[in-house]
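coords05.csv follows; it contains CSV, C-alpha atoms.
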```csv
chain,number,residue,atom,x,y,z
A,1,MET,CA,28.2,73.5,15.8
A,2,ILE,CA,29.1,71.2,12.9
A,3,LEU,CA,28.9,67.5,13.8
A,4,VAL,CA,31.1,65.1,12.0
A,5,ILE,CA,30.1,61.4,12.2
A,6,VAL,CA,32.0,58.5,10.7
A,7,GLY,CA,29.9,55.8,12.3
A,8,THR,CA,31.0,52.8,14.3
A,9,LEU,CA,32.4,50.6,11.5
A,10,GLY,CA,35.6,48.8,12.1
A,11,TYR,CA,37.5,50.8,9.5
A,12,PRO,CA,38.9,54.3,10.0
A,13,PHE,CA,37.8,57.2,7.8
A,14,ASP,CA,40.8,59.5,8.1
A,15,ARG,CA,40.3,61.0,4.6
A,16,LEU,CA,37.3,62.9,6.0
A,17,LEU,CA,38.7,63.6,9.5
A,18,ARG,CA,42.0,65.1,8.1
A,19,LYS,CA,40.2,67.3,5.6
A,20,MET,CA,37.7,68.5,8.2
A,21,ASP,CA,40.5,69.3,10.6
A,22,GLU,CA,42.4,71.2,7.9
A,23,ILE,CA,39.5,73.4,6.8
A,24,ALA,CA,38.1,73.9,10.4
A,25,PRO,CA,39.7,77.4,10.8
A,26,GLU,CA,38.0,78.6,7.7
A,27,LEU,CA,34.5,77.6,8.8
A,28,ASP,CA,33.9,80.0,11.7
A,29,GLU,CA,32.0,77.5,13.7
A,30,GLU,CA,32.7,75.0,16.4
A,31,ILE,CA,33.3,71.5,15.1
A,32,VAL,CA,32.8,68.2,17.0
A,33,MET,CA,34.1,65.1,15.3
A,34,GLN,CA,33.4,61.4,16.1
A,35,LEU,CA,36.7,59.6,15.3
A,36,GLY,CA,35.4,56.1,15.6
A,37,VAL,CA,38.3,53.6,15.4
A,38,SER,CA,40.6,56.2,13.8
A,39,GLU,CA,43.8,57.1,15.6
A,40,TYR,CA,44.0,60.5,13.9
A,41,ASN,CA,44.5,63.3,16.4
A,42,PRO,CA,42.7,66.5,15.3
A,43,LYS,CA,44.3,69.8,16.1
A,44,ASN,CA,41.5,72.2,15.3
A,45,THR,CA,38.4,70.5,16.4
A,46,ARG,CA,36.9,68.9,19.5
A,47,SER,CA,36.6,65.1,19.1
A,48,PHE,CA,35.6,61.8,20.7
A,49,HIS,CA,35.9,58.2,19.7
A,50,PHE,CA,32.6,56.8,20.8
A,51,GLU,CA,29.7,58.2,22.8
A,52,SER,CA,26.6,56.8,24.4
A,53,GLU,CA,23.4,56.9,22.3
A,54,GLU,CA,22.0,59.6,24.7
A,55,ARG,CA,25.0,61.9,24.2
A,56,LEU,CA,24.9,61.3,20.4
A,57,ASP,CA,21.3,62.2,20.3
A,58,ALA,CA,22.0,65.4,22.1
A,59,LEU,CA,24.8,66.2,19.6
A,60,TYR,CA,22.5,65.5,16.7
A,61,ASP,CA,19.9,67.8,18.2
A,62,GLU,CA,22.4,70.6,18.9
A,63,CYS,CA,24.3,70.7,15.6
A,64,SER,CA,23.5,73.2,12.8
A,65,LEU,CA,25.0,70.9,10.1
A,66,LEU,CA,25.9,67.3,9.8
A,67,VAL,CA,29.0,66.1,7.8
A,68,CYS,CA,29.1,62.4,7.7
A,69,HIS,CA,29.8,59.1,6.0
A,70,ALA,CA,26.8,57.7,4.0
A,71,GLY,CA,25.7,55.2,6.7
A,72,ALA,CA,22.0,54.6,6.9
A,73,GLY,CA,21.6,55.3,10.6
A,74,THR,CA,23.6,58.5,10.5
A,75,ILE,CA,21.7,59.9,7.5
A,76,LEU,CA,18.4,59.0,9.1
A,77,ASN,CA,19.4,60.7,12.4
A,78,GLY,CA,20.1,63.9,10.4
A,79,LEU,CA,17.0,63.7,8.2
A,80,VAL,CA,14.5,63.2,11.0
A,81,ARG,CA,15.9,66.4,12.7
A,82,GLY,CA,15.8,68.4,9.5
A,83,LYS,CA,19.6,69.1,9.6
A,84,PRO,CA,21.5,70.1,6.5
A,85,ILE,CA,23.7,67.1,5.5
A,86,VAL,CA,27.0,66.9,3.7
A,87,LEU,CA,27.7,63.3,2.7
A,88,VAL,CA,31.2,61.9,2.1
A,89,PRO,CA,30.7,58.3,1.1
A,90,ARG,CA,33.3,55.8,2.4
A,91,ARG,CA,35.1,54.1,-0.6
A,92,ALA,CA,36.2,50.5,-0.9
A,93,ALA,CA,39.2,51.6,-3.0
A,94,GLU,CA,40.4,53.7,0.0
A,95,LYS,CA,39.9,50.7,2.3
A,96,GLU,CA,37.3,52.6,4.2
A,97,ILE,CA,34.6,50.0,3.8
A,98,THR,CA,34.2,46.6,2.0
A,99,ASN,CA,31.9,47.7,-0.8
A,100,ASP,CA,30.6,50.9,-2.5
A,101,HIS,CA,27.0,50.9,-1.5
A,102,GLN,CA,27.5,54.2,0.4
A,103,LEU,CA,28.2,55.8,-3.0
A,104,LEU,CA,24.8,54.6,-4.3
A,105,LEU,CA,23.0,55.8,-1.2
A,106,THR,CA,24.7,59.2,-1.6
A,107,ASP,CA,23.5,59.4,-5.2
A,108,LYS,CA,20.0,58.7,-4.1
A,109,MET,CA,20.1,61.3,-1.3
A,110,ARG,CA,21.6,63.9,-3.6
A,111,ALA,CA,19.0,63.2,-6.4
A,112,GLN,CA,16.2,63.6,-3.8
A,113,GLY,CA,17.6,66.9,-2.6
A,114,LYS,CA,18.1,65.5,0.9
A,115,ALA,CA,21.8,66.0,1.1
A,116,VAL,CA,24.8,67.6,-0.6
A,117,ALA,CA,27.7,65.3,-1.5
A,118,ALA,CA,31.4,65.8,-1.5
A,119,LEU,CA,32.7,62.9,-3.7
A,120,ASP,CA,36.0,64.6,-4.1
A,121,ILE,CA,37.3,65.4,-0.6
A,122,ASN,CA,38.8,68.6,-1.9
A,123,GLU,CA,35.3,69.9,-2.5
A,124,LEU,CA,34.3,69.5,1.1
A,125,LYS,CA,34.4,73.1,2.1
A,126,GLU,CA,32.3,74.2,-0.9
A,127,ALA,CA,29.8,71.4,-0.1
A,128,ILE,CA,29.5,72.7,3.5
A,129,PHE,CA,28.9,76.3,2.3
A,130,LYS,CA,26.3,75.0,-0.2
A,131,ALA,CA,24.5,72.9,2.5
A,132,ARG,CA,24.4,75.9,4.8
A,133,GLU,CA,22.3,77.8,2.2
A,134,LEU,CA,19.8,75.0,2.0
A,135,SER,CA,16.7,75.0,4.1
A,136,SER,CA,15.5,71.5,5.1
A,137,GLU,CA,12.4,70.3,6.9
A,138,PRO,CA,12.5,67.1,9.1
A,139,VAL,CA,11.4,64.2,7.0
A,140,VAL,CA,8.4,62.3,8.3
A,141,ALA,CA,8.5,58.5,8.8
A,142,ASP,CA,6.9,56.3,6.1
A,143,HIS,CA,4.3,54.2,7.9
A,144,ARG,CA,3.4,52.1,4.9
A,145,LEU,CA,5.9,49.4,5.8
A,146,ALA,CA,4.6,49.0,9.4
A,147,ASP,CA,1.0,49.2,8.1
A,148,TYR,CA,1.7,46.5,5.5
A,149,LEU,CA,3.2,44.2,8.2
A,150,SER,CA,0.2,44.9,10.5
A,151,ASP,CA,-2.1,43.7,7.6
A,152,VAL,CA,-0.1,40.5,7.2
A,153,LEU,CA,-0.1,39.8,10.9
A,154,SER,CA,-3.9,40.7,11.3
A,155,GLU,CA,-4.5,37.2,9.8
A,156,TYR,CA,-2.9,35.7,12.9
A,157,SER,CA,-4.4,35.7,16.4
A,158,LYS,CA,-2.7,37.8,19.1
A,159,LYS,CA,-1.4,34.7,20.7
A,160,SER,CA,0.6,33.8,17.6
A,161,LYS,CA,4.3,33.8,18.2
A,162,ILE,CA,6.3,36.3,16.1
A,163,CYS,CA,10.1,36.0,15.9
A,164,VAL,CA,11.8,39.4,15.2
A,165,PRO,CA,15.5,39.1,14.4
A,166,GLY,CA,17.3,42.4,13.6
A,167,PRO,CA,19.2,45.4,15.0
A,168,PHE,CA,17.5,47.3,17.8
A,169,PHE,CA,19.1,50.7,17.5
A,170,ARG,CA,17.6,53.9,18.9
A,171,MET,CA,15.9,55.8,16.1
A,172,ARG,CA,13.6,58.7,16.5
A,173,LEU,CA,11.2,58.1,13.7
B,1,MET,CA,13.4,47.2,13.6
B,2,MET,CA,12.3,50.0,15.9
B,3,CYS,CA,10.6,51.6,12.9
B,4,ILE,CA,8.2,48.7,12.4
B,5,LYS,CA,7.7,47.8,16.0
B,6,GLU,CA,4.1,49.0,15.9
B,7,ALA,CA,3.3,46.0,13.6
B,8,TRP,CA,4.3,43.2,16.0
B,9,LYS,CA,4.5,44.7,19.5
B,10,ASP,CA,1.0,43.5,20.6
B,11,TYR,CA,1.7,39.9,19.5
B,12,ASP,CA,3.5,37.3,21.6
B,13,HIS,CA,6.9,38.0,20.2
B,14,PHE,CA,10.6,37.3,20.9
B,15,ILE,CA,13.6,39.4,19.9
B,16,VAL,CA,16.8,38.1,18.5
B,17,THR,CA,19.7,40.5,18.1
B,18,LEU,CA,23.4,40.7,17.8
B,19,ASP,CA,25.3,41.7,20.9
B,20,CYS,CA,26.5,45.3,20.1
B,21,PRO,CA,27.0,48.4,22.2
B,22,ARG,CA,24.4,50.3,20.1
B,23,THR,CA,21.7,47.8,20.9
B,24,GLU,CA,18.8,49.7,22.5
B,25,SER,CA,18.3,48.7,26.1
B,26,ILE,CA,15.4,46.4,25.6
B,27,LYS,CA,13.4,45.8,28.7
B,28,GLU,CA,12.3,42.3,27.8
B,29,ASP,CA,13.6,38.9,27.3
B,30,MET,CA,15.6,38.3,24.1
B,31,TYR,CA,18.0,36.0,22.5
B,32,LEU,CA,21.3,37.8,22.3
B,33,ILE,CA,23.7,36.4,19.7
B,34,GLU,CA,27.4,37.0,20.0
B,35,ASN,CA,28.8,39.3,17.3
B,36,PRO,CA,30.9,37.0,15.1
B,37,GLU,CA,33.1,39.9,14.0
B,38,LYS,CA,34.5,39.9,17.5
B,39,ASN,CA,35.0,36.2,17.8
B,40,LEU,CA,34.7,33.8,14.9
B,41,ARG,CA,34.8,30.8,17.2
B,42,SER,CA,31.4,31.9,18.6
B,43,TYR,CA,29.7,30.7,15.4
B,44,PRO,CA,29.0,27.1,16.5
B,45,ARG,CA,27.7,28.3,19.9
B,46,SER,CA,25.4,30.8,18.2
B,47,LEU,CA,24.1,28.3,15.7
B,48,ARG,CA,23.3,25.9,18.5
B,49,LYS,CA,21.5,28.7,20.4
B,50,LEU,CA,19.4,29.6,17.4
B,51,PHE,CA,18.5,26.0,16.8
B,52,PHE,CA,17.3,25.5,20.3
B,53,MET,CA,15.5,28.8,20.1
B,54,MET,CA,13.6,27.9,17.0
B,55,SER,CA,12.7,24.4,18.2
B,56,LYS,CA,11.4,25.7,21.5
B,57,GLU,CA,9.6,28.8,20.3
B,58,LYS,CA,8.2,27.5,17.0
B,59,PRO,CA,7.2,30.9,15.7
B,60,ASP,CA,4.2,31.4,13.4
B,61,VAL,CA,5.9,34.3,11.7
B,62,VAL,CA,9.5,35.5,11.3
B,63,ILE,CA,10.1,39.1,10.4
B,64,SER,CA,13.8,39.9,10.0
B,65,THR,CA,15.5,43.2,9.3
B,66,GLY,CA,18.9,41.6,9.3
B,67,LEU,CA,21.0,39.4,11.6
B,68,GLY,CA,24.0,38.9,9.3
B,69,TRP,CA,24.5,35.5,7.9
B,70,PHE,CA,22.5,34.0,10.8
B,71,ASP,CA,19.3,34.9,9.0
B,72,ILE,CA,19.9,32.1,6.5
B,73,PHE,CA,20.0,29.5,9.3
B,74,VAL,CA,17.0,31.0,11.0
B,75,PHE,CA,15.0,31.1,7.8
B,76,LEU,CA,15.9,27.5,6.9
B,77,LEU,CA,14.7,26.4,10.4
B,78,ALA,CA,11.6,28.4,10.0
B,79,LYS,CA,10.8,26.5,6.8
B,80,LEU,CA,10.9,23.3,8.8
B,81,THR,CA,8.4,24.7,11.4
B,82,LYS,CA,6.3,26.1,8.5
B,83,SER,CA,6.6,29.6,9.8
B,84,HIS,CA,5.6,32.5,7.5
B,85,THR,CA,8.9,34.3,6.7
B,86,ILE,CA,9.4,37.9,5.8
B,87,TYR,CA,12.8,39.5,5.2
B,88,ILE,CA,13.2,43.3,5.0
B,89,GLU,CA,16.3,44.4,3.1
B,90,SER,CA,18.2,47.3,4.7
B,91,TRP,CA,17.3,50.9,3.7
B,92,CYS,CA,21.0,51.5,2.8
B,93,ARG,CA,20.7,49.1,-0.2
B,94,THR,CA,19.3,51.2,-3.0
B,95,ASP,CA,20.5,49.3,-6.0
B,96,SER,CA,21.3,45.7,-5.1
B,97,CYS,CA,20.6,43.4,-2.2
B,98,THR,CA,23.0,42.3,0.6
B,99,GLY,CA,24.8,39.0,0.3
B,100,THR,CA,22.3,37.5,2.8
B,101,GLY,CA,19.5,39.1,0.9
B,102,ASN,CA,20.5,37.5,-2.4
B,103,ILE,CA,20.2,34.1,-0.8
B,104,LEU,CA,17.1,34.8,1.2
B,105,ARG,CA,15.3,36.1,-1.9
B,106,HIS,CA,14.8,32.4,-2.8
B,107,ILE,CA,14.0,31.2,0.7
B,108,ALA,CA,11.8,33.9,2.3
B,109,ASP,CA,8.0,33.8,1.7
B,110,GLU,CA,8.0,37.5,1.3
B,111,PHE,CA,11.1,39.7,0.5
B,112,LEU,CA,10.6,43.4,1.0
B,113,VAL,CA,13.0,46.1,-0.2
B,114,GLN,CA,12.9,49.8,0.8
B,115,TRP,CA,13.5,51.4,-2.6
B,116,PRO,CA,10.9,51.0,-5.4
B,117,GLU,CA,13.6,51.0,-8.0
B,118,LEU,CA,15.1,47.9,-6.5
B,119,ALA,CA,11.7,46.1,-6.7
B,120,GLU,CA,11.3,47.0,-10.3
B,121,LYS,CA,14.5,45.3,-11.2
B,122,ASP,CA,13.6,42.1,-9.6
B,123,GLY,CA,10.2,40.3,-9.8
B,124,LYS,CA,10.9,38.3,-6.6
B,125,VAL,CA,11.0,41.3,-4.3
B,126,LYS,CA,8.3,43.8,-3.3
B,127,PHE,CA,8.3,47.4,-2.2
B,128,ARG,CA,5.8,48.2,0.5
B,129,GLY,CA,7.3,51.4,1.9
B,130,GLY,CA,10.6,52.2,3.6
B,131,VAL,CA,11.7,53.8,6.9
B,132,ILE,CA,11.2,57.3,5.4
```
Please go through the file and, once you have read it, give me the structure as structure tokens.
Amino acid sequence: MILVIVGTLGYPFDRLLRKMDEIAPELDEEIVMQLGVSEYNPKNTRSFHFESEERLDALYDECSLLVCHAGAGTILNGLVRGKPIVLVPRRAAEKEITNDHQLLLTDKMRAQGKAVAALDINELKEAIFKARELSSEPVVADHRLADYLSDVLSEYSKKSKICVPGPFFRMRL
Amino acid sequence: MMCIKEAWKDYDHFIVTLDCPRTESIKEDMYLIENPEKNLRSYPRSLRKLFFMMSKEKPDVVISTGLGWFDIFVFLLAKLTKSHTIYIESWCRTDSCTGTGNILRHIADEFLVQWPELAEKDGKVKFRGGVI
């Protein structure tokens, strides 16, 4: 099963959904698409708007290939499971996001051989075929950051108060 | 934040997070801040909540992985209570910092980025590893 994830951003990503729906019959594989806030109604694929974290985890586990926007959480979910990834970065010019940092993250992932990119949406099918050929191992978590913070905190007693603002999203690292 | 939990979980800590459907069900007390994208008028209420939180808790250390623009307010208050402040820029920023990050670079005691190339470009920021 090919899983298509556009993330939970407040902007639709119809460029990817339309193209995926269009090429679906040529891929010989079941396709499940997350539509997010899009109102696009796919004809050739299964789809959902939003799902629980548990259900999303199961879909990530189950898929053979991940086609997605270049969101950090989505990419990490694919990488830790060793799934081949095709990235289609959201573009500010298409009003799919507010800035183009997804393009830069896509470049990094491609340069490191962690993902295939389809910068031109018309190259999506070729990118999927290319990604299918790649073998990928699950990436391992980098513990250096946590270790560094442990070192910093080791100067404080266990009774010290630590304030931790940030997102608390499920991540299997 | 879940990736660096090992570092702080054994200390007396408190969580501050934006109210969002993807927030992991955290089985402990926390300060939940209304998502300003949903309701801009929640800003003053949230700032007041953060102010009372910081004056009550007086943390020794603040480690943030991002709370939108609220970080700036939290870090300024942390300066007053002389807390040690650490800001960790998002993994998704490979080439430049977020808007909040660009301001906090000058305020935080330590500013960590998750890509070595980004640290090379800017002497104020450090690379000490990323999520992967």
Please return, as a VMD selection string, all residues of chain B lying within 8 Å of chain A when all atoms listed in the file are considered. chain B and resid 1 to 8 10 to 18 22 to 24 57 to 67 71 91 to 95 128 to 132
Point-to-point distance in Å for atom CA of Leu65 of chain A and atom CA of Met33 of chain A: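 About the pair atom CA of Met33 of chain A and atom CA of Leu65 of chain A: they are 12.0 Å apart.
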One residue among A:Lys95, A:Ala131, A:Arg46, A:Lys114 is nearest to Asp21 of chain A when using all atoms listed in the file, and that residue is A:Arg46
Which polymer residues have any atom within 9 Å of an atom of Phe51 of chain B, counting all atoms listed in the file, with same-chain residues fewer than 6 positions away left out, as a list in words?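 Here the qualifying residues turn out to be Phe73, Val74 and Leu77 of chain B.
Between Glu28 of chain B and the candidates B:Lys9, B:Ser55, B:Ser90, B:Leu50, the tightest atom-to-atom separation, counting all atoms listed in the file, involves B:Lys9.
From atom CA of Asp61 of chain A back to atom CA of Tyr40 of chain A, the distance works out to 25.5 Å.
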Atom CA of Leu112 of chain B and atom CA of Lys126 of chain B are how many Å apart?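 Pair atom CA of Leu112 of chain B / atom CA of Lys126 of chain B returns 4.9 Å.
Among the candidates A:Lys83, A:Arg91, A:Arg110, A:Arg18, the one nearest to Val67 of chain A when counting only C-alpha atoms is A:Lys83.
Neighbours of Glu117 of chain B closer than or equal to 10 Å, with only C-alpha atoms counted and sequence neighbours fewer than 3 positions away skipped, come out as Thr94, Asp95, Ser96, Val113, Gln114, Glu120, Lys121, Asp122 and Phe127 of chain B.
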Closest to Met54 of chain B among B:Leu76, B:Gly68, B:Ser42, B:Ile33, using only C-alpha atoms? B:Leu76
Compute the distance from (30.4, 42.1, 14.4) to each atom, counting all atoms listed in the file, keep the residues with any atom at most 9 Å away, and return them as a ChimeraX atom specification; use the coordinates of the file. /A:10 /B:18-20,34-39,68
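Selecting by distance to (22.4, 39.8, 3.4) with a limit of 10 Å and using all atoms listed in the file, one obtains Thr65, Gly66, Leu67, Gly68, Trp69, Phe70, Asp71, Ile72, Tyr87, Ile88, Glu89, Ser90, Cys97, Thr98, Gly99, Thr100, Gly101, Asn102, Ile103, Leu104 and Arg105 of chain B.
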